[in-house]
Amino acid sequence: MDTESTYSGYSYYSGRSRGSHRHGERSRDRHKPRSKDSRSEKSVTINTPPAEPLLGDSSVRGEQVQDDNWGENTTAVTGTSEHSLSQEDIVRITKDLEDSVGLDCRRYLTLTLAVILGLLVFLTPLAFLVLPHLLWPDKLQPCGTACEGLFISVAFKLLILLLAVWALFFRSPRAGLPRVFVFRALLAVLVLLFVISYWLFYGVRILESQDENYQGIVQYAVSLVDALLFIHYLAIVLLELRQLQPCFSVCVTRNTDGETRQYNLGQLSVQRAALAILENYYCDFSVHNPALLSASKSRAAKHLAGLKVYNVDGEFPAAPAEGPGNNAAAGLVHSQSRAMIAAAARRRDSSHNELYYEDAEHERRVRKRKARLVVAVEEAFTHIKRMQEDEQKKAPGDVMDPREAAQAIFPSMARALQKYLRTTRQQHCHSMESIQQHLAFCITNNMTPKAFLESYLNPGPTLQYSRDHWRARQWTLVSEVSVTSGLNDGTIFLLKCVDFSLVVTCRRIPYIQMSEEFIDPKSHKFVLRLQSETSV
């Protein structure tokens, strides 16, 4: 009895001393300064601006413990938060910056060449008219009335050509394409060859001979301007009118969640079809939410997790040699493998029940959070109405602007909105600043609570959210055929982004044969037959 009490007392003392020792180590570690070795060599800490995602981005940066009381004491955005950035992210950002610099240089080079070609085109007719007066003014014949009328024709045609070129070509670029636009390059080469041909003819037949017929020289310049106008008409047909008639039906599917849209396109190249699809993507597709995908992956991994079998006698041999003992061990391995397969099959058969109840529980939580959010927002907007009625009686200096009113009522709905966005995994799509701006916008335009909640209850297109979700988005076009070739039936290409890809499949719109069937209007005659005996 004494021995047992002594042993138990020793155990208690040893446990307490070990606990005190661990507590002392923790206190010493807490008080001593952090060394640089404690941090990872591939990470760096940066300070983000105040407009950070609401409730943190738990879906992207890992599961983090969130404070449920955040919405109760929220009055304004203060302070900054710290996020780690790996070395791979820094390398990727540097590469993106280098690529953007290369794209900017190529864009400016293209613009410079276009400006030089445009100046050459517009100065050539004027040079044709001015050079004879500068080189041999004494030999020129006097310009009559018809010649002076040609001056007015050249001036107005050049003005029309200038406006037409500005409207068609000098527009802000919508995107940076991987290859040159074939038709535009062909038109530029055609214009350049055309102007050079006119200059060669002008130099041989007019400059060398010093032609004295100035009216003929003016007519020659007018013919150049007319030809340039016809080339501009050709540019309109090739660049704008050719693609208007729908020829292909493209199916665009996002590879992560399977969302699909259908579009009709005309005769376009692969890269220009990709550009048209991306312009429609930002307006038609709902915003990409990787948090929902991570939740489904974790759920699938949990349901499909295998069973572990432990061997208390030792490890199983990787390649057992032949022998009676080794054959028995191999038979044990195979039997336990069969048992694992059978247990996994039974677990897989029952996993759909767990998935069903999890989905039902999630839907119940979403409905519950939604009801609380709707009530909180309606009460807040009712308070705004009361404030507006009271402010009519105040002095002009005491009236609140919409921004101040939004900041005043936001804490009353912040907790309910916080929980709903967390439950629906939309917390990374909405920042506190964006919510307050949207609330101030709704107050300014006298919108209802339902109009305010529409942006959060129903996920909208990508452009509806902040610029961080779609600005400077880098896309990669993956195609087996050349990106400058036209679309064909069965063409498949991919538009890859950082988080997902768009799979595009092209199908040619079939040829439709319609026939006409004539119906004689006189054949629409009917007879009403009445029976003499009716049922009583």
# chains A, B, ... in the order shown; residues from 1 in each chain; ligands from 1

$ select_by_dssp --residues "stretch 380-526 of chain A" --states "strand (DSSP E or B)" --output "list in words"
Ser431, Pro461, Thr476, Leu477, Val478, Ser479, Gly486, Ile492, Phe493, Leu494, Leu495, Lys496, Ser501, Leu502, Val503, Val504, Thr505, Cys506, Arg507 and Arg508 of chain A

$ write_last_selection --atoms "all heavy atoms" --output "short mmCIF file (atom, residue, chain, number, x, y, z; two decimals), in the first residue's frame"
data_model
loop_
_atom_site.label_atom_id
_atom_site.label_comp_id
_atom_site.auth_asym_id
_atom_site.auth_seq_id
_atom_site.Cartn_x
_atom_site.Cartn_y
_atom_site.Cartn_z
N SER A 431 -15.17 42.32 -50.29
CA SER A 431 -14.43 42.98 -49.22
C SER A 431 -15.36 43.92 -48.46
O SER A 431 -16.44 44.28 -48.94
CB SER A 431 -13.24 43.76 -49.79
OG SER A 431 -13.70 44.81 -50.62
N PRO A 461 -21.98 37.76 -62.64
CA PRO A 461 -20.82 37.60 -63.54
C PRO A 461 -19.56 38.19 -62.93
O PRO A 461 -19.58 38.88 -61.91
CB PRO A 461 -21.25 38.33 -64.81
CG PRO A 461 -22.28 39.31 -64.35
CD PRO A 461 -22.99 38.66 -63.21
N THR A 476 -3.91 31.97 -71.74
CA THR A 476 -3.04 31.24 -72.66
C THR A 476 -3.92 30.46 -73.61
O THR A 476 -4.77 29.67 -73.18
CB THR A 476 -2.09 30.30 -71.91
OG1 THR A 476 -1.32 31.06 -70.97
CG2 THR A 476 -1.16 29.60 -72.88
N LEU A 477 -3.69 30.65 -74.90
CA LEU A 477 -4.45 29.95 -75.94
C LEU A 477 -3.70 28.70 -76.34
O LEU A 477 -2.55 28.77 -76.81
CB LEU A 477 -4.68 30.88 -77.13
CG LEU A 477 -5.40 30.29 -78.34
CD1 LEU A 477 -6.77 29.76 -77.97
CD2 LEU A 477 -5.50 31.33 -79.45
N VAL A 478 -4.33 27.55 -76.17
CA VAL A 478 -3.74 26.25 -76.51
C VAL A 478 -4.56 25.66 -77.65
O VAL A 478 -5.75 25.39 -77.49
CB VAL A 478 -3.73 25.29 -75.30
CG1 VAL A 478 -3.09 23.97 -75.67
CG2 VAL A 478 -3.01 25.94 -74.12
N SER A 479 -3.92 25.47 -78.80
CA SER A 479 -4.63 24.98 -79.97
C SER A 479 -3.69 24.10 -80.79
O SER A 479 -2.49 24.40 -80.92
CB SER A 479 -5.14 26.14 -80.82
OG SER A 479 -5.75 25.68 -82.01
N GLY A 486 -8.61 29.95 -89.82
CA GLY A 486 -10.02 30.15 -89.54
C GLY A 486 -10.64 28.98 -88.80
O GLY A 486 -10.08 27.88 -88.71
N ILE A 492 -11.16 22.42 -81.78
CA ILE A 492 -11.16 22.43 -80.31
C ILE A 492 -9.91 23.17 -79.84
O ILE A 492 -8.81 22.89 -80.30
CB ILE A 492 -11.19 21.01 -79.72
CG1 ILE A 492 -12.46 20.27 -80.18
CG2 ILE A 492 -11.12 21.04 -78.20
CD1 ILE A 492 -12.49 18.82 -79.74
N PHE A 493 -10.09 24.11 -78.94
CA PHE A 493 -8.95 24.81 -78.35
C PHE A 493 -9.29 25.15 -76.90
O PHE A 493 -10.46 25.11 -76.49
CB PHE A 493 -8.57 26.06 -79.15
CG PHE A 493 -9.66 27.06 -79.30
CD1 PHE A 493 -9.84 28.09 -78.38
CD2 PHE A 493 -10.53 27.01 -80.38
CE1 PHE A 493 -10.84 29.03 -78.53
CE2 PHE A 493 -11.53 27.94 -80.54
CZ PHE A 493 -11.68 28.95 -79.62
N LEU A 494 -8.26 25.47 -76.14
CA LEU A 494 -8.37 25.75 -74.71
C LEU A 494 -7.91 27.17 -74.43
O LEU A 494 -6.99 27.68 -75.08
CB LEU A 494 -7.54 24.79 -73.87
CG LEU A 494 -8.18 23.47 -73.41
CD1 LEU A 494 -8.37 22.53 -74.59
CD2 LEU A 494 -7.33 22.80 -72.35
N LEU A 495 -8.57 27.80 -73.47
CA LEU A 495 -8.17 29.09 -72.93
C LEU A 495 -7.82 28.87 -71.46
O LEU A 495 -8.70 28.67 -70.63
CB LEU A 495 -9.28 30.12 -73.08
CG LEU A 495 -9.58 30.54 -74.52
CD1 LEU A 495 -10.87 31.34 -74.59
CD2 LEU A 495 -8.43 31.35 -75.08
N LYS A 496 -6.54 28.84 -71.17
CA LYS A 496 -6.06 28.49 -69.83
C LYS A 496 -5.80 29.75 -69.02
O LYS A 496 -5.23 30.73 -69.51
CB LYS A 496 -4.78 27.65 -69.92
CG LYS A 496 -4.98 26.31 -70.61
CD LYS A 496 -3.68 25.53 -70.70
CE LYS A 496 -3.17 25.18 -69.31
NZ LYS A 496 -1.93 24.35 -69.39
N SER A 501 -9.66 26.49 -66.79
CA SER A 501 -9.53 26.53 -68.24
C SER A 501 -10.92 26.54 -68.86
O SER A 501 -11.88 26.03 -68.28
CB SER A 501 -8.73 25.34 -68.77
OG SER A 501 -7.43 25.30 -68.22
N LEU A 502 -11.00 27.12 -70.04
CA LEU A 502 -12.22 27.12 -70.84
C LEU A 502 -11.99 26.23 -72.05
O LEU A 502 -11.07 26.48 -72.85
CB LEU A 502 -12.59 28.53 -71.28
CG LEU A 502 -12.90 29.55 -70.18
CD1 LEU A 502 -13.20 30.91 -70.79
CD2 LEU A 502 -14.06 29.08 -69.31
N VAL A 503 -12.81 25.19 -72.19
CA VAL A 503 -12.71 24.26 -73.31
C VAL A 503 -13.73 24.69 -74.36
O VAL A 503 -14.93 24.76 -74.08
CB VAL A 503 -12.96 22.81 -72.86
CG1 VAL A 503 -12.78 21.85 -74.02
CG2 VAL A 503 -12.03 22.44 -71.71
N VAL A 504 -13.26 24.99 -75.56
CA VAL A 504 -14.10 25.53 -76.63
C VAL A 504 -14.19 24.49 -77.75
O VAL A 504 -13.15 24.02 -78.24
CB VAL A 504 -13.55 26.86 -77.17
CG1 VAL A 504 -14.48 27.43 -78.23
CG2 VAL A 504 -13.35 27.85 -76.03
N THR A 505 -15.40 24.14 -78.14
CA THR A 505 -15.66 23.21 -79.23
C THR A 505 -16.50 23.91 -80.28
O THR A 505 -17.55 24.49 -79.95
CB THR A 505 -16.39 21.96 -78.72
OG1 THR A 505 -15.64 21.37 -77.65
CG2 THR A 505 -16.55 20.94 -79.83
N CYS A 506 -16.06 23.86 -81.53
CA CYS A 506 -16.74 24.56 -82.63
C CYS A 506 -17.53 23.56 -83.47
O CYS A 506 -17.03 22.46 -83.79
CB CYS A 506 -15.73 25.29 -83.52
SG CYS A 506 -14.74 26.51 -82.64
N ARG A 507 -18.73 23.94 -83.83
CA ARG A 507 -19.58 23.16 -84.73
C ARG A 507 -20.16 24.10 -85.78
O ARG A 507 -20.65 25.17 -85.45
CB ARG A 507 -20.70 22.47 -83.96
CG ARG A 507 -20.26 21.33 -83.07
CD ARG A 507 -19.82 20.13 -83.90
NE ARG A 507 -19.41 19.01 -83.06
CZ ARG A 507 -18.17 18.76 -82.69
NH1 ARG A 507 -17.20 19.59 -83.08
NH2 ARG A 507 -17.88 17.73 -81.94
N ARG A 508 -20.10 23.67 -87.02
CA ARG A 508 -20.63 24.49 -88.09
C ARG A 508 -22.16 24.45 -88.08
O ARG A 508 -22.76 23.38 -87.90
CB ARG A 508 -20.10 24.01 -89.44
CG ARG A 508 -20.54 24.89 -90.61
CD ARG A 508 -19.96 24.37 -91.90
NE ARG A 508 -18.51 24.49 -91.92
CZ ARG A 508 -17.86 25.59 -92.29
NH1 ARG A 508 -18.55 26.67 -92.66
NH2 ARG A 508 -16.54 25.63 -92.28
#

$ residues_around --residues "A:Ala276" --least-positions-apart "5" --cutoff "12 Å" --atoms "only C-alpha atoms" --output "PyMOL selection string"
chain A and resi 174-175+177+243+250+252+263-266+268-271+281-283+495+504

$ write_last_selection --atoms "all heavy atoms" --output "short mmCIF file (atom, residue, chain, number, x, y, z; two decimals), in the first residue's frame"
data_model
loop_
_atom_site.label_atom_id
_atom_site.label_comp_id
_atom_site.auth_asym_id
_atom_site.auth_seq_id
_atom_site.Cartn_x
_atom_site.Cartn_y
_atom_site.Cartn_z
N ARG A 174 -8.45 46.06 -77.45
CA ARG A 174 -9.20 45.31 -76.45
C ARG A 174 -8.36 44.25 -75.77
O ARG A 174 -8.63 43.87 -74.63
CB ARG A 174 -10.42 44.66 -77.11
CG ARG A 174 -11.43 45.64 -77.68
CD ARG A 174 -12.56 44.92 -78.35
NE ARG A 174 -12.10 44.17 -79.52
CZ ARG A 174 -12.86 43.34 -80.21
NH1 ARG A 174 -14.10 43.13 -79.85
NH2 ARG A 174 -12.38 42.71 -81.26
N ALA A 175 -7.37 43.73 -76.47
CA ALA A 175 -6.54 42.66 -75.89
C ALA A 175 -5.26 42.56 -76.70
O ALA A 175 -5.15 43.12 -77.81
CB ALA A 175 -7.29 41.33 -75.90
N LEU A 177 -3.12 40.00 -78.69
CA LEU A 177 -3.22 38.69 -79.32
C LEU A 177 -1.84 38.10 -79.53
O LEU A 177 -0.85 38.83 -79.72
CB LEU A 177 -3.96 38.80 -80.66
CG LEU A 177 -5.39 39.32 -80.58
CD1 LEU A 177 -6.01 39.40 -81.96
CD2 LEU A 177 -6.24 38.43 -79.68
N GLN A 243 -17.46 39.03 -90.64
CA GLN A 243 -17.69 38.20 -89.46
C GLN A 243 -19.08 38.36 -88.88
O GLN A 243 -19.38 37.75 -87.84
CB GLN A 243 -16.67 38.56 -88.38
CG GLN A 243 -16.79 40.01 -87.92
CD GLN A 243 -15.66 40.43 -87.02
OE1 GLN A 243 -14.66 39.71 -86.92
NE2 GLN A 243 -15.81 41.57 -86.37
N VAL A 250 -20.30 27.69 -81.07
CA VAL A 250 -19.22 27.25 -80.18
C VAL A 250 -19.80 26.96 -78.80
O VAL A 250 -20.66 27.68 -78.30
CB VAL A 250 -18.11 28.31 -80.10
CG1 VAL A 250 -17.44 28.49 -81.44
CG2 VAL A 250 -18.64 29.64 -79.61
N VAL A 252 -18.71 26.58 -74.95
CA VAL A 252 -17.67 26.97 -74.01
C VAL A 252 -17.98 26.35 -72.66
O VAL A 252 -19.06 26.57 -72.09
CB VAL A 252 -17.56 28.50 -73.88
CG1 VAL A 252 -16.39 28.88 -73.00
CG2 VAL A 252 -17.43 29.14 -75.25
N TYR A 263 -22.44 30.12 -78.02
CA TYR A 263 -22.34 31.37 -78.76
C TYR A 263 -22.29 31.08 -80.25
O TYR A 263 -21.80 30.02 -80.67
CB TYR A 263 -21.08 32.16 -78.35
CG TYR A 263 -21.02 32.49 -76.89
CD1 TYR A 263 -20.15 31.82 -76.04
CD2 TYR A 263 -21.81 33.49 -76.34
CE1 TYR A 263 -20.09 32.13 -74.69
CE2 TYR A 263 -21.76 33.80 -75.00
CZ TYR A 263 -20.90 33.12 -74.18
OH TYR A 263 -20.84 33.42 -72.83
N ASN A 264 -22.79 32.03 -81.03
CA ASN A 264 -22.72 31.96 -82.49
C ASN A 264 -21.67 32.95 -82.97
O ASN A 264 -21.70 34.13 -82.61
CB ASN A 264 -24.07 32.28 -83.12
CG ASN A 264 -25.09 31.18 -82.90
OD1 ASN A 264 -24.74 30.02 -82.67
ND2 ASN A 264 -26.36 31.54 -82.94
N LEU A 265 -20.75 32.46 -83.80
CA LEU A 265 -19.66 33.28 -84.31
C LEU A 265 -19.62 33.19 -85.83
O LEU A 265 -20.14 32.23 -86.42
CB LEU A 265 -18.31 32.84 -83.73
CG LEU A 265 -18.14 32.94 -82.22
CD1 LEU A 265 -16.77 32.43 -81.82
CD2 LEU A 265 -18.34 34.37 -81.74
N GLY A 266 -19.00 34.19 -86.44
CA GLY A 266 -18.86 34.21 -87.89
C GLY A 266 -17.52 33.66 -88.33
O GLY A 266 -16.88 32.86 -87.64
N LEU A 268 -14.14 33.77 -88.33
CA LEU A 268 -13.07 34.35 -87.52
C LEU A 268 -11.90 33.39 -87.44
O LEU A 268 -12.05 32.17 -87.62
CB LEU A 268 -13.58 34.66 -86.10
CG LEU A 268 -14.65 35.73 -85.94
CD1 LEU A 268 -15.13 35.77 -84.51
CD2 LEU A 268 -14.12 37.09 -86.35
N SER A 269 -10.74 33.94 -87.16
CA SER A 269 -9.60 33.09 -86.85
C SER A 269 -9.72 32.56 -85.42
O SER A 269 -10.57 33.00 -84.64
CB SER A 269 -8.30 33.89 -87.02
OG SER A 269 -8.28 34.98 -86.11
N VAL A 270 -8.85 31.63 -85.09
CA VAL A 270 -8.93 31.00 -83.77
C VAL A 270 -8.65 32.02 -82.67
O VAL A 270 -9.35 32.07 -81.65
CB VAL A 270 -7.94 29.81 -83.69
CG1 VAL A 270 -7.89 29.25 -82.28
CG2 VAL A 270 -8.34 28.72 -84.67
N GLN A 271 -7.67 32.88 -82.87
CA GLN A 271 -7.33 33.84 -81.81
C GLN A 271 -8.41 34.92 -81.65
O GLN A 271 -8.72 35.33 -80.54
CB GLN A 271 -5.97 34.48 -82.09
CG GLN A 271 -5.89 35.26 -83.38
CD GLN A 271 -4.53 35.91 -83.56
OE1 GLN A 271 -3.64 35.78 -82.71
NE2 GLN A 271 -4.35 36.63 -84.66
N TYR A 281 -17.36 35.89 -71.84
CA TYR A 281 -17.20 35.14 -70.58
C TYR A 281 -17.34 36.05 -69.37
O TYR A 281 -18.02 35.70 -68.39
CB TYR A 281 -15.82 34.46 -70.57
CG TYR A 281 -15.42 33.96 -69.20
CD1 TYR A 281 -15.93 32.76 -68.71
CD2 TYR A 281 -14.55 34.68 -68.40
CE1 TYR A 281 -15.57 32.31 -67.45
CE2 TYR A 281 -14.18 34.23 -67.15
CZ TYR A 281 -14.71 33.04 -66.68
OH TYR A 281 -14.37 32.61 -65.43
N TYR A 282 -16.73 37.23 -69.41
CA TYR A 282 -16.77 38.11 -68.25
C TYR A 282 -18.17 38.65 -67.98
O TYR A 282 -18.42 39.15 -66.88
CB TYR A 282 -15.80 39.28 -68.46
CG TYR A 282 -14.35 38.89 -68.29
CD1 TYR A 282 -13.48 38.88 -69.37
CD2 TYR A 282 -13.86 38.52 -67.05
CE1 TYR A 282 -12.15 38.52 -69.22
CE2 TYR A 282 -12.54 38.15 -66.89
CZ TYR A 282 -11.69 38.17 -67.97
OH TYR A 282 -10.38 37.81 -67.81
N CYS A 283 -19.05 38.57 -68.96
CA CYS A 283 -20.42 39.08 -68.78
C CYS A 283 -21.44 37.97 -68.54
O CYS A 283 -22.48 38.22 -67.92
CB CYS A 283 -20.84 39.89 -70.00
SG CYS A 283 -19.82 41.36 -70.30
N LEU A 495 -8.57 27.80 -73.47
CA LEU A 495 -8.17 29.09 -72.93
C LEU A 495 -7.82 28.87 -71.46
O LEU A 495 -8.70 28.67 -70.63
CB LEU A 495 -9.28 30.12 -73.08
CG LEU A 495 -9.58 30.54 -74.52
CD1 LEU A 495 -10.87 31.34 -74.59
CD2 LEU A 495 -8.43 31.35 -75.08
N VAL A 504 -13.26 24.99 -75.56
CA VAL A 504 -14.10 25.53 -76.63
C VAL A 504 -14.19 24.49 -77.75
O VAL A 504 -13.15 24.02 -78.24
CB VAL A 504 -13.55 26.86 -77.17
CG1 VAL A 504 -14.48 27.43 -78.23
CG2 VAL A 504 -13.35 27.85 -76.03
#

$ closest_residue --among "A:Phe230, A:Val204, A:Leu453, A:Asn458" --to "A:Val375" --atoms "only C-alpha atoms"
A:Leu453

$ atom_distance --atom1 "atom CA of A:Val483" --atom2 "atom CA of A:Cys251"
17.9 Å

$ closest_residue --among "A:Cys429, A:Ile443, A:Ile277, A:Val527" --to "A:Ile409" --atoms "only C-alpha atoms"
A:Ile443

$ residues_around --residues "A:Leu168" --least-positions-apart "4" --cutoff "10 Å" --atoms "only C-alpha atoms" --output "list in words"
Leu163, Ala164, His232, Ala235, Ile236, Leu239 and Glu240 of chain A

$ closest_residue --among "A:Leu119, A:Ala291, A:Ile217, A:Leu457" --to "A:Arg369" --atoms "only C-alpha atoms"
A:Leu457

$ atom_distance --atom1 "atom CA of A:Gln267" --atom2 "atom CA of A:Cys105"
29.6 Å
